Amino acid sequence: MIIGFQPLSIEEEIKQKRSFVNIHEKAVVNVMYTHSWVIEQMRVYFKRYGITIKQYNILRILTGANGPLSTSQVRERMLDKMSDTTRLVDRMIKKGWVEKKVSSSDRRLVDIMITDHGLDLLDQVNDIHDKSAEIMGNLSEEEIEQLSLLLDKIRNYRVSS
């Protein structure tokens, strides 16, 4: 962290005049605002490669799977569960990043695989690690680990409907 650096508070960032009702509301708004900020940073970064965040996520999923996956398996692993996976995959097929084949185990399913062109694109985007480090630049490694742990802890609580 930069010595003497004083980050803007969430109230200053969103130009909020009133106080939050409680610390829980403040934290949730802060997480939502920060999520949007990170997504915008990544969107701008990926734009230079002609790829969206969701398309990058699909390429990473397919690479990590070490084999073909069905559309539903890809959707289950996506960061954004609301994505129209079929439409995204169809766009990626047109760009030559992935291909579809009828599943050999169940002819009703379609398997999706990353192509060599998709792997080449991932190689080009490999400085994503540098961009991630830049986004987290105001945090120490210890703070980053603590942040990840706290975010995991939040997600592991089940909110009642």
# chains A, B, ... in the order shown; residues from 1 in each chain; ligands from 1

$ residues_around --residues "Gln73 (chain A)" --least-positions-apart "3" --cutoff "12 Å" --atoms "only C-alpha atoms" --output "VMD selection string"
chain A and resid 58 61 to 62 65 67 to 70 76 to 78 81 85 to 86 109 to 112

$ closest_residue --among "A:Thr52, A:Gln124, A:Asn57, A:Thr71" --to "Glu40 (chain A)" --atoms "only C-alpha atoms"
A:Thr52

$ atom_distance --atom1 "CA of Leu88 (chain A)" --atom2 "CA of Tyr56 (chain A)"
10.5 Å

$ select_by_dssp --residues "region 26-150 of chain A" --states "strand (DSSP E or B)" --output "PDB file with N, CA and C atoms, in the first residue's frame"
ATOM      1  N   LEU A  69     -17.085 -30.358 -22.854  1.00  0.00           N
ATOM      2  CA  LEU A  69     -18.155 -30.185 -21.874  1.00  0.00           C
ATOM      3  C   LEU A  69     -19.454 -29.887 -22.603  1.00  0.00           C
ATOM      4  N   SER A  70     -20.565 -30.270 -22.002  1.00  0.00           N
ATOM      5  CA  SER A  70     -21.863 -29.903 -22.561  1.00  0.00           C
ATOM      6  C   SER A  70     -22.146 -28.439 -22.224  1.00  0.00           C
ATOM      7  N   VAL A  98     -14.120 -21.910 -30.416  1.00  0.00           N
ATOM      8  CA  VAL A  98     -14.622 -23.188 -29.914  1.00  0.00           C
ATOM      9  C   VAL A  98     -15.330 -23.916 -31.043  1.00  0.00           C
ATOM     10  N   GLU A  99     -15.590 -25.204 -30.814  1.00  0.00           N
ATOM     11  CA  GLU A  99     -16.376 -25.978 -31.779  1.00  0.00           C
ATOM     12  C   GLU A  99     -17.349 -26.867 -31.022  1.00  0.00           C
ATOM     13  N   LYS A 100     -18.417 -27.238 -31.727  1.00  0.00           N
ATOM     14  CA  LYS A 100     -19.449 -28.105 -31.148  1.00  0.00           C
ATOM     15  C   LYS A 100     -19.460 -29.420 -31.888  1.00  0.00           C
ATOM     16  N   LYS A 101     -19.702 -30.490 -31.138  1.00  0.00           N
ATOM     17  CA  LYS A 101     -19.894 -31.806 -31.733  1.00  0.00           C
ATOM     18  C   LYS A 101     -20.968 -32.524 -30.937  1.00  0.00           C
ATOM     19  N   VAL A 102     -21.723 -33.370 -31.614  1.00  0.00           N
ATOM     20  CA  VAL A 102     -22.723 -34.171 -30.914  1.00  0.00           C
ATOM     21  C   VAL A 102     -21.997 -35.106 -29.956  1.00  0.00           C
ATOM     22  N   VAL A 110     -24.751 -31.726 -26.832  1.00  0.00           N
ATOM     23  CA  VAL A 110     -23.698 -31.208 -27.694  1.00  0.00           C
ATOM     24  C   VAL A 110     -22.481 -30.934 -26.814  1.00  0.00           C
ATOM     25  N   ASP A 111     -21.329 -31.406 -27.245  1.00  0.00           N
ATOM     26  CA  ASP A 111     -20.077 -31.143 -26.530  1.00  0.00           C
ATOM     27  C   ASP A 111     -19.412 -29.917 -27.138  1.00  0.00           C
ATOM     28  N   ILE A 112     -18.812 -29.124 -26.283  1.00  0.00           N
ATOM     29  CA  ILE A 112     -18.096 -27.926 -26.710  1.00  0.00           C
ATOM     30  C   ILE A 112     -16.625 -28.119 -26.370  1.00  0.00           C
ATOM     31  N   MET A 113     -15.771 -27.777 -27.332  1.00  0.00           N
ATOM     32  CA  MET A 113     -14.326 -27.898 -27.139  1.00  0.00           C
ATOM     33  C   MET A 113     -13.649 -26.616 -27.588  1.00  0.00           C
ATOM     34  N   ILE A 114     -12.555 -26.278 -26.927  1.00  0.00           N
ATOM     35  CA  ILE A 114     -11.770 -25.117 -27.325  1.00  0.00           C
ATOM     36  C   ILE A 114     -10.920 -25.512 -28.533  1.00  0.00           C
TER      37      ILE A 114
END

$ closest_atom_pairs --of "region 14-68 of chain A" --to "region 126-137 of chain A" --cutoff "10 Å" --atoms "only C-alpha atoms" --output "CSV"
residue,atom,partner,partner_atom,distance
A:Trp37,CA,A:Ile135,CA,9.7
A:Val38,CA,A:Ile135,CA,7.4
A:Gln41,CA,A:Ile135,CA,7.9
A:Met42,CA,A:Lys131,CA,8.1
A:Tyr45,CA,A:Lys131,CA,7.9
A:Phe46,CA,A:Ile128,CA,8.9

$ write_last_selection --atoms "C-alpha atoms" --output "JSON list (two decimals), in the first residue's frame"
[["chain", "number", "residue", "atom", "x", "y", "z"],
["A", 37, "TRP", "CA", -15.72, -1.23, -10.87],
["A", 38, "VAL", "CA", -13.69, -4.43, -11.32],
["A", 41, "GLN", "CA", -11.70, -2.54, -15.58],
["A", 42, "MET", "CA", -11.78, -6.06, -17.04],
["A", 45, "TYR", "CA", -8.90, -4.75, -20.79],
["A", 46, "PHE", "CA", -10.58, -7.54, -22.80]]

$ closest_residue --among "A:Glu12, A:Asp123, A:Glu143, A:Asp116" --to "Lys95 (chain A)" --atoms "only C-alpha atoms"
A:Asp116

$ select_by_dssp --residues "region 23-121 of chain A" --states "alpha helix (DSSP H)" --output "PyMOL selection string"
chain A and resi 23-47+53-65+71-77+85-94+116-121

$ atom_distance --atom1 "CA of Trp97 (chain A)" --atom2 "CA of Arg60 (chain A)"
11.6 Å

$ residues_around --residues "His117 (chain A)" --least-positions-apart "3" --cutoff "7 Å" --atoms "only C-alpha atoms" --output "mmCIF file with N, CA and C atoms, in the first residue's frame"
data_model
loop_
_atom_site.group_PDB
_atom_site.id
_atom_site.type_symbol
_atom_site.label_atom_id
_atom_site.label_comp_id
_atom_site.auth_asym_id
_atom_site.auth_seq_id
_atom_site.Cartn_x
_atom_site.Cartn_y
_atom_site.Cartn_z
ATOM 1 N N GLY A 96 -14.217 -18.877 -34.325
ATOM 2 C CA GLY A 96 -13.252 -19.970 -34.426
ATOM 3 C C GLY A 96 -12.575 -20.330 -33.115
ATOM 4 N N TRP A 97 -13.111 -19.861 -31.990
ATOM 5 C CA TRP A 97 -12.494 -20.118 -30.688
ATOM 6 C C TRP A 97 -12.914 -21.446 -30.075
ATOM 7 N N ASP A 120 -4.807 -20.032 -28.721
ATOM 8 C CA ASP A 120 -3.910 -18.934 -29.105
ATOM 9 C C ASP A 120 -4.385 -17.613 -28.506
ATOM 10 N N LEU A 121 -5.700 -17.405 -28.523
ATOM 11 C CA LEU A 121 -6.249 -16.182 -27.939
ATOM 12 C C LEU A 121 -5.946 -16.123 -26.443
#

$ residues_around --residues "region 25-29 of chain A" --least-positions-apart "2" --cutoff "12 Å" --atoms "only C-alpha atoms" --output "MDAnalysis selection string"
chainID A and resid 9:11 13:14 16 18:23 31:36 150:151 154

$ atom_distance --atom1 "CA of Ile53 (chain A)" --atom2 "CA of Leu8 (chain A)"
26.8 Å
